[in-house]
Amino acid sequence: MDTIELSFVVAGAPKAASTSLVEALRPHPEIFLPSRKELSFFDREGCLERLSELEPHFEDAAPGQLCGEGTPWYMSSPRAARNLAQLYPELRVIFLLREPVAPAQSHYLHRVVRNAEYRSFAQALDDELSKLDTEDDGSRRNYLIPPGLYASHIKTRQSHFRPDQIKIVLFEDLIGYPGRTLRSIQEHIGVTPHDLELPAANRTQSVRAPGVGRLAAKLILTQHWGKRLAKRMTPKAFRSWTVKTVAKLNSSDQKRPSLHLGDSQVAVLREHFDPEIDELARLLERPLDSWRPG
């Protein structure tokens, strides 16, 4: 195909069932989604000059199918909003939102399991608080607070897209009423509504030993003599296998989270999230009392 014409994107909060939504839409005969979820293409610097890199992901799309993509980070990335609006002025956007404290906790555990976070939750939160006033358009290191500022992101996106182009879907509605919610999403995209099933996908795994995960991440992500020696002495394939094995052995499918936030940490998160929840409730004209503690 010569050009990629995206018709819709799925974005929103991390750990708000975006993977499940993408997988639910995938069987629809009028929709094409890449086999790889989260291409994370439009929040990259200079991506508009490298559009040819998108083509392999959509080369199997059939004539007439509407192409879509799912990357949660597009909601909180100003760069992604500008790029998508510039390329696709009629784009349909779906924002999946979830009570913001739970995704922050879940996203932290997800990164620890994957050996991508060596700081404690408290340290990561403190680091973000010191940088909240600076716009960082290219890095995802600040991932606890910025993704949960829903109302601010939505109001900013409304300067790029018309209100009728943006559909806001709450996690509770998608999980609690999947049939009617999926039909409304299909109508928003502009395809014939089908009876689709919502699979359980990308569930957050718990960490058996968070300290082990953070230590592994520090060894992987920071520069030190041992890392330089390992790179010289061992093949890349072996190092990759070791990293994946450590992550697998340190993960668990138990449902109970292995991270418990202290009262002070929850208070800091709520200080930033509660005003956003109030504003979101006004935007949606819908109470969000269930997102409040207690």
# chains A, B, ... in the order shown; residues from 1 in each chain; ligands from 1
$ residues_around --residues "Thr156 of chain A" --least-positions-apart "4" --cutoff "12 Å" --atoms "only C-alpha atoms" --output "NGL selection string"
:A and (75-82 or 149-152 or 160-163 or 166)
$ residues_around --residues "segment 194-200 of chain A" --least-positions-apart "4" --cutoff "10 Å" --atoms "only C-alpha atoms" --output "PDB file with N, CA and C atoms, in the first residue's frame"
ATOM      1  N   ALA A  17      -7.465  -1.719  29.947  1.00  0.00           N
ATOM      2  CA  ALA A  17      -8.089  -2.696  29.039  1.00  0.00           C
ATOM      3  C   ALA A  17      -7.972  -2.318  27.573  1.00  0.00           C
ATOM      4  N   THR A  19      -5.610  -3.303  25.541  1.00  0.00           N
ATOM      5  CA  THR A  19      -5.261  -4.526  24.813  1.00  0.00           C
ATOM      6  C   THR A  19      -6.508  -5.375  24.571  1.00  0.00           C
ATOM      7  N   SER A  20      -7.359  -5.482  25.574  1.00  0.00           N
ATOM      8  CA  SER A  20      -8.589  -6.252  25.413  1.00  0.00           C
ATOM      9  C   SER A  20      -9.479  -5.634  24.338  1.00  0.00           C
ATOM     10  N   LEU A  21      -9.561  -4.304  24.318  1.00  0.00           N
ATOM     11  CA  LEU A  21     -10.387  -3.647  23.309  1.00  0.00           C
ATOM     12  C   LEU A  21      -9.841  -3.890  21.907  1.00  0.00           C
ATOM     13  N   VAL A  22      -8.540  -3.756  21.739  1.00  0.00           N
ATOM     14  CA  VAL A  22      -7.939  -4.003  20.424  1.00  0.00           C
ATOM     15  C   VAL A  22      -8.212  -5.425  19.969  1.00  0.00           C
ATOM     16  N   GLU A  23      -8.056  -6.389  20.874  1.00  0.00           N
ATOM     17  CA  GLU A  23      -8.290  -7.785  20.504  1.00  0.00           C
ATOM     18  C   GLU A  23      -9.766  -8.052  20.220  1.00  0.00           C
ATOM     19  N   ALA A  24     -10.658  -7.325  20.888  1.00  0.00           N
ATOM     20  CA  ALA A  24     -12.087  -7.489  20.617  1.00  0.00           C
ATOM     21  C   ALA A  24     -12.440  -6.966  19.228  1.00  0.00           C
ATOM     22  N   LEU A  25     -11.803  -5.871  18.806  1.00  0.00           N
ATOM     23  CA  LEU A  25     -12.091  -5.273  17.498  1.00  0.00           C
ATOM     24  C   LEU A  25     -11.429  -6.026  16.346  1.00  0.00           C
ATOM     25  N   ARG A  26     -10.384  -6.762  16.635  1.00  0.00           N
ATOM     26  CA  ARG A  26      -9.585  -7.386  15.581  1.00  0.00           C
ATOM     27  C   ARG A  26     -10.387  -8.299  14.643  1.00  0.00           C
ATOM     28  N   PRO A  27     -11.336  -9.108  15.139  1.00  0.00           N
ATOM     29  CA  PRO A  27     -12.069 -10.006  14.219  1.00  0.00           C
ATOM     30  C   PRO A  27     -13.070  -9.291  13.307  1.00  0.00           C
ATOM     31  N   HIS A  28     -13.355  -8.028  13.557  1.00  0.00           N
ATOM     32  CA  HIS A  28     -14.369  -7.327  12.758  1.00  0.00           C
ATOM     33  C   HIS A  28     -13.915  -7.266  11.296  1.00  0.00           C
ATOM     34  N   PRO A  29     -14.756  -7.712  10.356  1.00  0.00           N
ATOM     35  CA  PRO A  29     -14.327  -7.784   8.954  1.00  0.00           C
ATOM     36  C   PRO A  29     -14.048  -6.433   8.307  1.00  0.00           C
ATOM     37  N   LEU A 174     -16.662  -0.730  29.959  1.00  0.00           N
ATOM     38  CA  LEU A 174     -16.167  -1.750  29.036  1.00  0.00           C
ATOM     39  C   LEU A 174     -16.174  -3.132  29.672  1.00  0.00           C
ATOM     40  N   ILE A 175     -15.747  -3.210  30.928  1.00  0.00           N
ATOM     41  CA  ILE A 175     -15.693  -4.500  31.617  1.00  0.00           C
ATOM     42  C   ILE A 175     -17.080  -4.943  32.088  1.00  0.00           C
ATOM     43  N   TYR A 177     -20.197  -3.803  31.007  1.00  0.00           N
ATOM     44  CA  TYR A 177     -21.222  -3.874  29.964  1.00  0.00           C
ATOM     45  C   TYR A 177     -20.542  -3.968  28.593  1.00  0.00           C
ATOM     46  N   PRO A 178     -19.802  -5.045  28.359  1.00  0.00           N
ATOM     47  CA  PRO A 178     -18.990  -5.118  27.141  1.00  0.00           C
ATOM     48  C   PRO A 178     -19.804  -5.091  25.855  1.00  0.00           C
ATOM     49  N   GLY A 179     -20.969  -5.732  25.835  1.00  0.00           N
ATOM     50  CA  GLY A 179     -21.753  -5.807  24.607  1.00  0.00           C
ATOM     51  C   GLY A 179     -22.149  -4.441  24.085  1.00  0.00           C
ATOM     52  N   ARG A 180     -22.842  -3.674  24.918  1.00  0.00           N
ATOM     53  CA  ARG A 180     -23.322  -2.370  24.466  1.00  0.00           C
ATOM     54  C   ARG A 180     -22.178  -1.376  24.294  1.00  0.00           C
ATOM     55  N   LEU A 182     -19.043  -2.099  23.336  1.00  0.00           N
ATOM     56  CA  LEU A 182     -18.355  -2.418  22.086  1.00  0.00           C
ATOM     57  C   LEU A 182     -19.167  -1.974  20.875  1.00  0.00           C
ATOM     58  N   ARG A 183     -20.473  -2.062  20.955  1.00  0.00           N
ATOM     59  CA  ARG A 183     -21.309  -1.596  19.842  1.00  0.00           C
ATOM     60  C   ARG A 183     -21.193  -0.080  19.675  1.00  0.00           C
ATOM     61  N   GLN A 186     -17.901   0.672  18.002  1.00  0.00           N
ATOM     62  CA  GLN A 186     -17.954   0.380  16.557  1.00  0.00           C
ATOM     63  C   GLN A 186     -18.694   1.487  15.806  1.00  0.00           C
ATOM     64  N   GLU A 187     -19.777   1.972  16.378  1.00  0.00           N
ATOM     65  CA  GLU A 187     -20.515   3.067  15.749  1.00  0.00           C
ATOM     66  C   GLU A 187     -19.655   4.320  15.658  1.00  0.00           C
TER      67      GLU A 187
END
$ select_by_dssp --residues "segment 165-202 of chain A" --states "strand (DSSP E)" --output "VMD selection string"
chain A and resid 166 to 170
$ residues_around --residues "Glu59 of chain A" --least-positions-apart "3" --cutoff "12 Å" --atoms "only C-alpha atoms" --output "MDAnalysis selection string"
chainID A and resid 1:5 32:35 52:56 62:63 65 67
$ write_last_selection --atoms "C-alpha atoms" --output "PDB file, in the first residue's frame"
ATOM      1  CA  MET A   1       0.000   0.000   0.000  1.00  0.00           C
ATOM      2  CA  ASP A   2       1.285   3.469  -0.875  1.00  0.00           C
ATOM      3  CA  THR A   3       0.007   5.488   2.085  1.00  0.00           C
ATOM      4  CA  ILE A   4      -1.298   4.551   5.503  1.00  0.00           C
ATOM      5  CA  GLU A   5      -4.697   6.106   6.145  1.00  0.00           C
ATOM      6  CA  PHE A  32      -7.683  -3.928  10.268  1.00  0.00           C
ATOM      7  CA  LEU A  33      -5.311  -3.728  13.215  1.00  0.00           C
ATOM      8  CA  PRO A  34      -1.586  -4.548  13.106  1.00  0.00           C
ATOM      9  CA  SER A  35      -0.526  -7.815  14.684  1.00  0.00           C
ATOM     10  CA  SER A  52       7.380   4.475   5.254  1.00  0.00           C
ATOM     11  CA  GLU A  53       8.218   2.594   8.471  1.00  0.00           C
ATOM     12  CA  LEU A  54       4.479   2.202   9.103  1.00  0.00           C
ATOM     13  CA  GLU A  55       3.759   0.408   5.832  1.00  0.00           C
ATOM     14  CA  PRO A  56       4.917  -3.117   6.821  1.00  0.00           C
ATOM     15  CA  ALA A  62      -7.777  -5.533   2.651  1.00  0.00           C
ATOM     16  CA  PRO A  63      -9.284  -2.869   0.378  1.00  0.00           C
ATOM     17  CA  GLN A  65     -10.981  -1.998   5.685  1.00  0.00           C
ATOM     18  CA  CYS A  67      -7.094   0.824   9.700  1.00  0.00           C
TER      19      CYS A  67
END
$ atom_distance --atom1 "atom CA of Phe42 of chain A" --atom2 "atom CA of Gly148 of chain A"
19.9 Å
$ closest_atom_pairs --of "segment 8-109 of chain A" --to "segment 120-130 of chain A" --cutoff "10 Å" --atoms "only C-alpha atoms" --output "tab-separated table"
residue	atom	partner	partner_atom	distance
A:Ala104	CA	A:Phe121	CA	9.8
A:Gln105	CA	A:Phe121	CA	8.4
A:Tyr108	CA	A:Phe121	CA	7.2
A:Leu109	CA	A:Phe121	CA	9.2
$ select_by_dssp --residues "segment 26-117 of chain A" --states "alpha helix (DSSP H)" --output "PDB file with N, CA, C and O atoms, in the first residue's frame"
ATOM      1  N   GLU A  55       4.362   1.231   6.881  1.00  0.00           N
ATOM      2  CA  GLU A  55       3.759   0.408   5.832  1.00  0.00           C
ATOM      3  C   GLU A  55       3.797  -1.087   6.107  1.00  0.00           C
ATOM      4  O   GLU A  55       2.794  -1.780   5.887  1.00  0.00           O
ATOM      5  N   PRO A  56       4.915  -1.659   6.581  1.00  0.00           N
ATOM      6  CA  PRO A  56       4.917  -3.117   6.821  1.00  0.00           C
ATOM      7  C   PRO A  56       3.845  -3.575   7.816  1.00  0.00           C
ATOM      8  O   PRO A  56       3.370  -4.707   7.726  1.00  0.00           O
ATOM      9  N   HIS A  57       3.464  -2.709   8.743  1.00  0.00           N
ATOM     10  CA  HIS A  57       2.479  -3.099   9.752  1.00  0.00           C
ATOM     11  C   HIS A  57       1.062  -3.173   9.178  1.00  0.00           C
ATOM     12  O   HIS A  57       0.181  -3.800   9.783  1.00  0.00           O
ATOM     13  N   PHE A  58       0.829  -2.513   8.041  1.00  0.00           N
ATOM     14  CA  PHE A  58      -0.518  -2.446   7.485  1.00  0.00           C
ATOM     15  C   PHE A  58      -0.606  -3.063   6.088  1.00  0.00           C
ATOM     16  O   PHE A  58      -1.629  -2.921   5.426  1.00  0.00           O
ATOM     17  N   PRO A  78       1.750  15.105  23.923  1.00  0.00           N
ATOM     18  CA  PRO A  78       1.411  16.241  23.056  1.00  0.00           C
ATOM     19  C   PRO A  78       1.921  16.052  21.635  1.00  0.00           C
ATOM     20  O   PRO A  78       1.257  16.450  20.678  1.00  0.00           O
ATOM     21  N   ARG A  79       3.077  15.430  21.493  1.00  0.00           N
ATOM     22  CA  ARG A  79       3.635  15.216  20.158  1.00  0.00           C
ATOM     23  C   ARG A  79       2.735  14.304  19.333  1.00  0.00           C
ATOM     24  O   ARG A  79       2.481  14.557  18.147  1.00  0.00           O
ATOM     25  N   ALA A  80       2.233  13.240  19.950  1.00  0.00           N
ATOM     26  CA  ALA A  80       1.352  12.314  19.227  1.00  0.00           C
ATOM     27  C   ALA A  80       0.088  13.019  18.776  1.00  0.00           C
ATOM     28  O   ALA A  80      -0.376  12.821  17.645  1.00  0.00           O
ATOM     29  N   ALA A  81      -0.493  13.850  19.644  1.00  0.00           N
ATOM     30  CA  ALA A  81      -1.720  14.558  19.275  1.00  0.00           C
ATOM     31  C   ALA A  81      -1.482  15.465  18.073  1.00  0.00           C
ATOM     32  O   ALA A  81      -2.291  15.503  17.135  1.00  0.00           O
ATOM     33  N   ARG A  82      -0.371  16.202  18.086  1.00  0.00           N
ATOM     34  CA  ARG A  82      -0.071  17.106  16.963  1.00  0.00           C
ATOM     35  C   ARG A  82       0.143  16.323  15.673  1.00  0.00           C
ATOM     36  O   ARG A  82      -0.384  16.693  14.610  1.00  0.00           O
ATOM     37  N   ASN A  83       0.908  15.246  15.753  1.00  0.00           N
ATOM     38  CA  ASN A  83       1.211  14.466  14.547  1.00  0.00           C
ATOM     39  C   ASN A  83      -0.035  13.804  13.970  1.00  0.00           C
ATOM     40  O   ASN A  83      -0.257  13.826  12.759  1.00  0.00           O
ATOM     41  N   LEU A  84      -0.839  13.212  14.824  1.00  0.00           N
ATOM     42  CA  LEU A  84      -2.040  12.529  14.349  1.00  0.00           C
ATOM     43  C   LEU A  84      -3.034  13.517  13.738  1.00  0.00           C
ATOM     44  O   LEU A  84      -3.633  13.247  12.694  1.00  0.00           O
ATOM     45  N   ALA A  85      -3.202  14.671  14.391  1.00  0.00           N
ATOM     46  CA  ALA A  85      -4.138  15.663  13.861  1.00  0.00           C
ATOM     47  C   ALA A  85      -3.670  16.222  12.529  1.00  0.00           C
ATOM     48  O   ALA A  85      -4.477  16.489  11.631  1.00  0.00           O
ATOM     49  N   GLN A  86      -2.360  16.397  12.391  1.00  0.00           N
ATOM     50  CA  GLN A  86      -1.822  16.921  11.142  1.00  0.00           C
ATOM     51  C   GLN A  86      -2.004  15.937   9.988  1.00  0.00           C
ATOM     52  O   GLN A  86      -2.375  16.315   8.875  1.00  0.00           O
ATOM     53  N   LEU A  87      -1.767  14.663  10.263  1.00  0.00           N
ATOM     54  CA  LEU A  87      -1.852  13.647   9.206  1.00  0.00           C
ATOM     55  C   LEU A  87      -3.279  13.203   8.919  1.00  0.00           C
ATOM     56  O   LEU A  87      -3.636  12.952   7.764  1.00  0.00           O
ATOM     57  N   VAL A 101      -5.451   5.918  40.307  1.00  0.00           N
ATOM     58  CA  VAL A 101      -4.466   5.372  41.245  1.00  0.00           C
ATOM     59  C   VAL A 101      -4.126   3.928  40.895  1.00  0.00           C
ATOM     60  O   VAL A 101      -2.960   3.523  40.917  1.00  0.00           O
ATOM     61  N   ALA A 102      -5.136   3.134  40.556  1.00  0.00           N
ATOM     62  CA  ALA A 102      -4.906   1.724  40.217  1.00  0.00           C
ATOM     63  C   ALA A 102      -3.984   1.562  39.013  1.00  0.00           C
ATOM     64  O   ALA A 102      -3.057   0.744  39.054  1.00  0.00           O
ATOM     65  N   PRO A 103      -4.166   2.315  37.904  1.00  0.00           N
ATOM     66  CA  PRO A 103      -3.227   2.186  36.790  1.00  0.00           C
ATOM     67  C   PRO A 103      -1.798   2.595  37.154  1.00  0.00           C
ATOM     68  O   PRO A 103      -0.840   2.007  36.654  1.00  0.00           O
ATOM     69  N   ALA A 104      -1.647   3.608  38.010  1.00  0.00           N
ATOM     70  CA  ALA A 104      -0.300   4.019  38.415  1.00  0.00           C
ATOM     71  C   ALA A 104       0.399   2.879  39.142  1.00  0.00           C
ATOM     72  O   ALA A 104       1.567   2.560  38.876  1.00  0.00           O
ATOM     73  N   GLN A 105      -0.319   2.245  40.062  1.00  0.00           N
ATOM     74  CA  GLN A 105       0.226   1.110  40.805  1.00  0.00           C
ATOM     75  C   GLN A 105       0.518  -0.056  39.859  1.00  0.00           C
ATOM     76  O   GLN A 105       1.591  -0.670  39.910  1.00  0.00           O
ATOM     77  N   SER A 106      -0.427  -0.347  38.982  1.00  0.00           N
ATOM     78  CA  SER A 106      -0.281  -1.471  38.065  1.00  0.00           C
ATOM     79  C   SER A 106       0.855  -1.243  37.074  1.00  0.00           C
ATOM     80  O   SER A 106       1.612  -2.165  36.755  1.00  0.00           O
ATOM     81  N   HIS A 107       0.966  -0.004  36.590  1.00  0.00           N
ATOM     82  CA  HIS A 107       2.028   0.304  35.627  1.00  0.00           C
ATOM     83  C   HIS A 107       3.400   0.163  36.273  1.00  0.00           C
ATOM     84  O   HIS A 107       4.355  -0.324  35.650  1.00  0.00           O
ATOM     85  N   TYR A 108       3.521   0.570  37.535  1.00  0.00           N
ATOM     86  CA  TYR A 108       4.791   0.402  38.253  1.00  0.00           C
ATOM     87  C   TYR A 108       5.158  -1.080  38.362  1.00  0.00           C
ATOM     88  O   TYR A 108       6.297  -1.479  38.061  1.00  0.00           O
ATOM     89  N   LEU A 109       4.197  -1.911  38.771  1.00  0.00           N
ATOM     90  CA  LEU A 109       4.462  -3.350  38.883  1.00  0.00           C
ATOM     91  C   LEU A 109       4.837  -3.947  37.529  1.00  0.00           C
ATOM     92  O   LEU A 109       5.725  -4.803  37.443  1.00  0.00           O
ATOM     93  N   HIS A 110       4.153  -3.490  36.487  1.00  0.00           N
ATOM     94  CA  HIS A 110       4.437  -3.974  35.137  1.00  0.00           C
ATOM     95  C   HIS A 110       5.892  -3.698  34.765  1.00  0.00           C
ATOM     96  O   HIS A 110       6.577  -4.559  34.205  1.00  0.00           O
ATOM     97  N   ARG A 111       6.381  -2.525  35.097  1.00  0.00           N
ATOM     98  CA  ARG A 111       7.762  -2.166  34.764  1.00  0.00           C
ATOM     99  C   ARG A 111       8.766  -2.933  35.624  1.00  0.00           C
ATOM    100  O   ARG A 111       9.833  -3.324  35.147  1.00  0.00           O
ATOM    101  N   VAL A 112       8.420  -3.173  36.895  1.00  0.00           N
ATOM    102  CA  VAL A 112       9.323  -3.953  37.750  1.00  0.00           C
ATOM    103  C   VAL A 112       9.431  -5.384  37.242  1.00  0.00           C
ATOM    104  O   VAL A 112      10.520  -5.953  37.165  1.00  0.00           O
ATOM    105  N   VAL A 113       8.277  -5.974  36.875  1.00  0.00           N
ATOM    106  CA  VAL A 113       8.281  -7.345  36.349  1.00  0.00           C
ATOM    107  C   VAL A 113       9.166  -7.439  35.116  1.00  0.00           C
ATOM    108  O   VAL A 113       9.879  -8.433  34.910  1.00  0.00           O
TER     109      VAL A 113
END
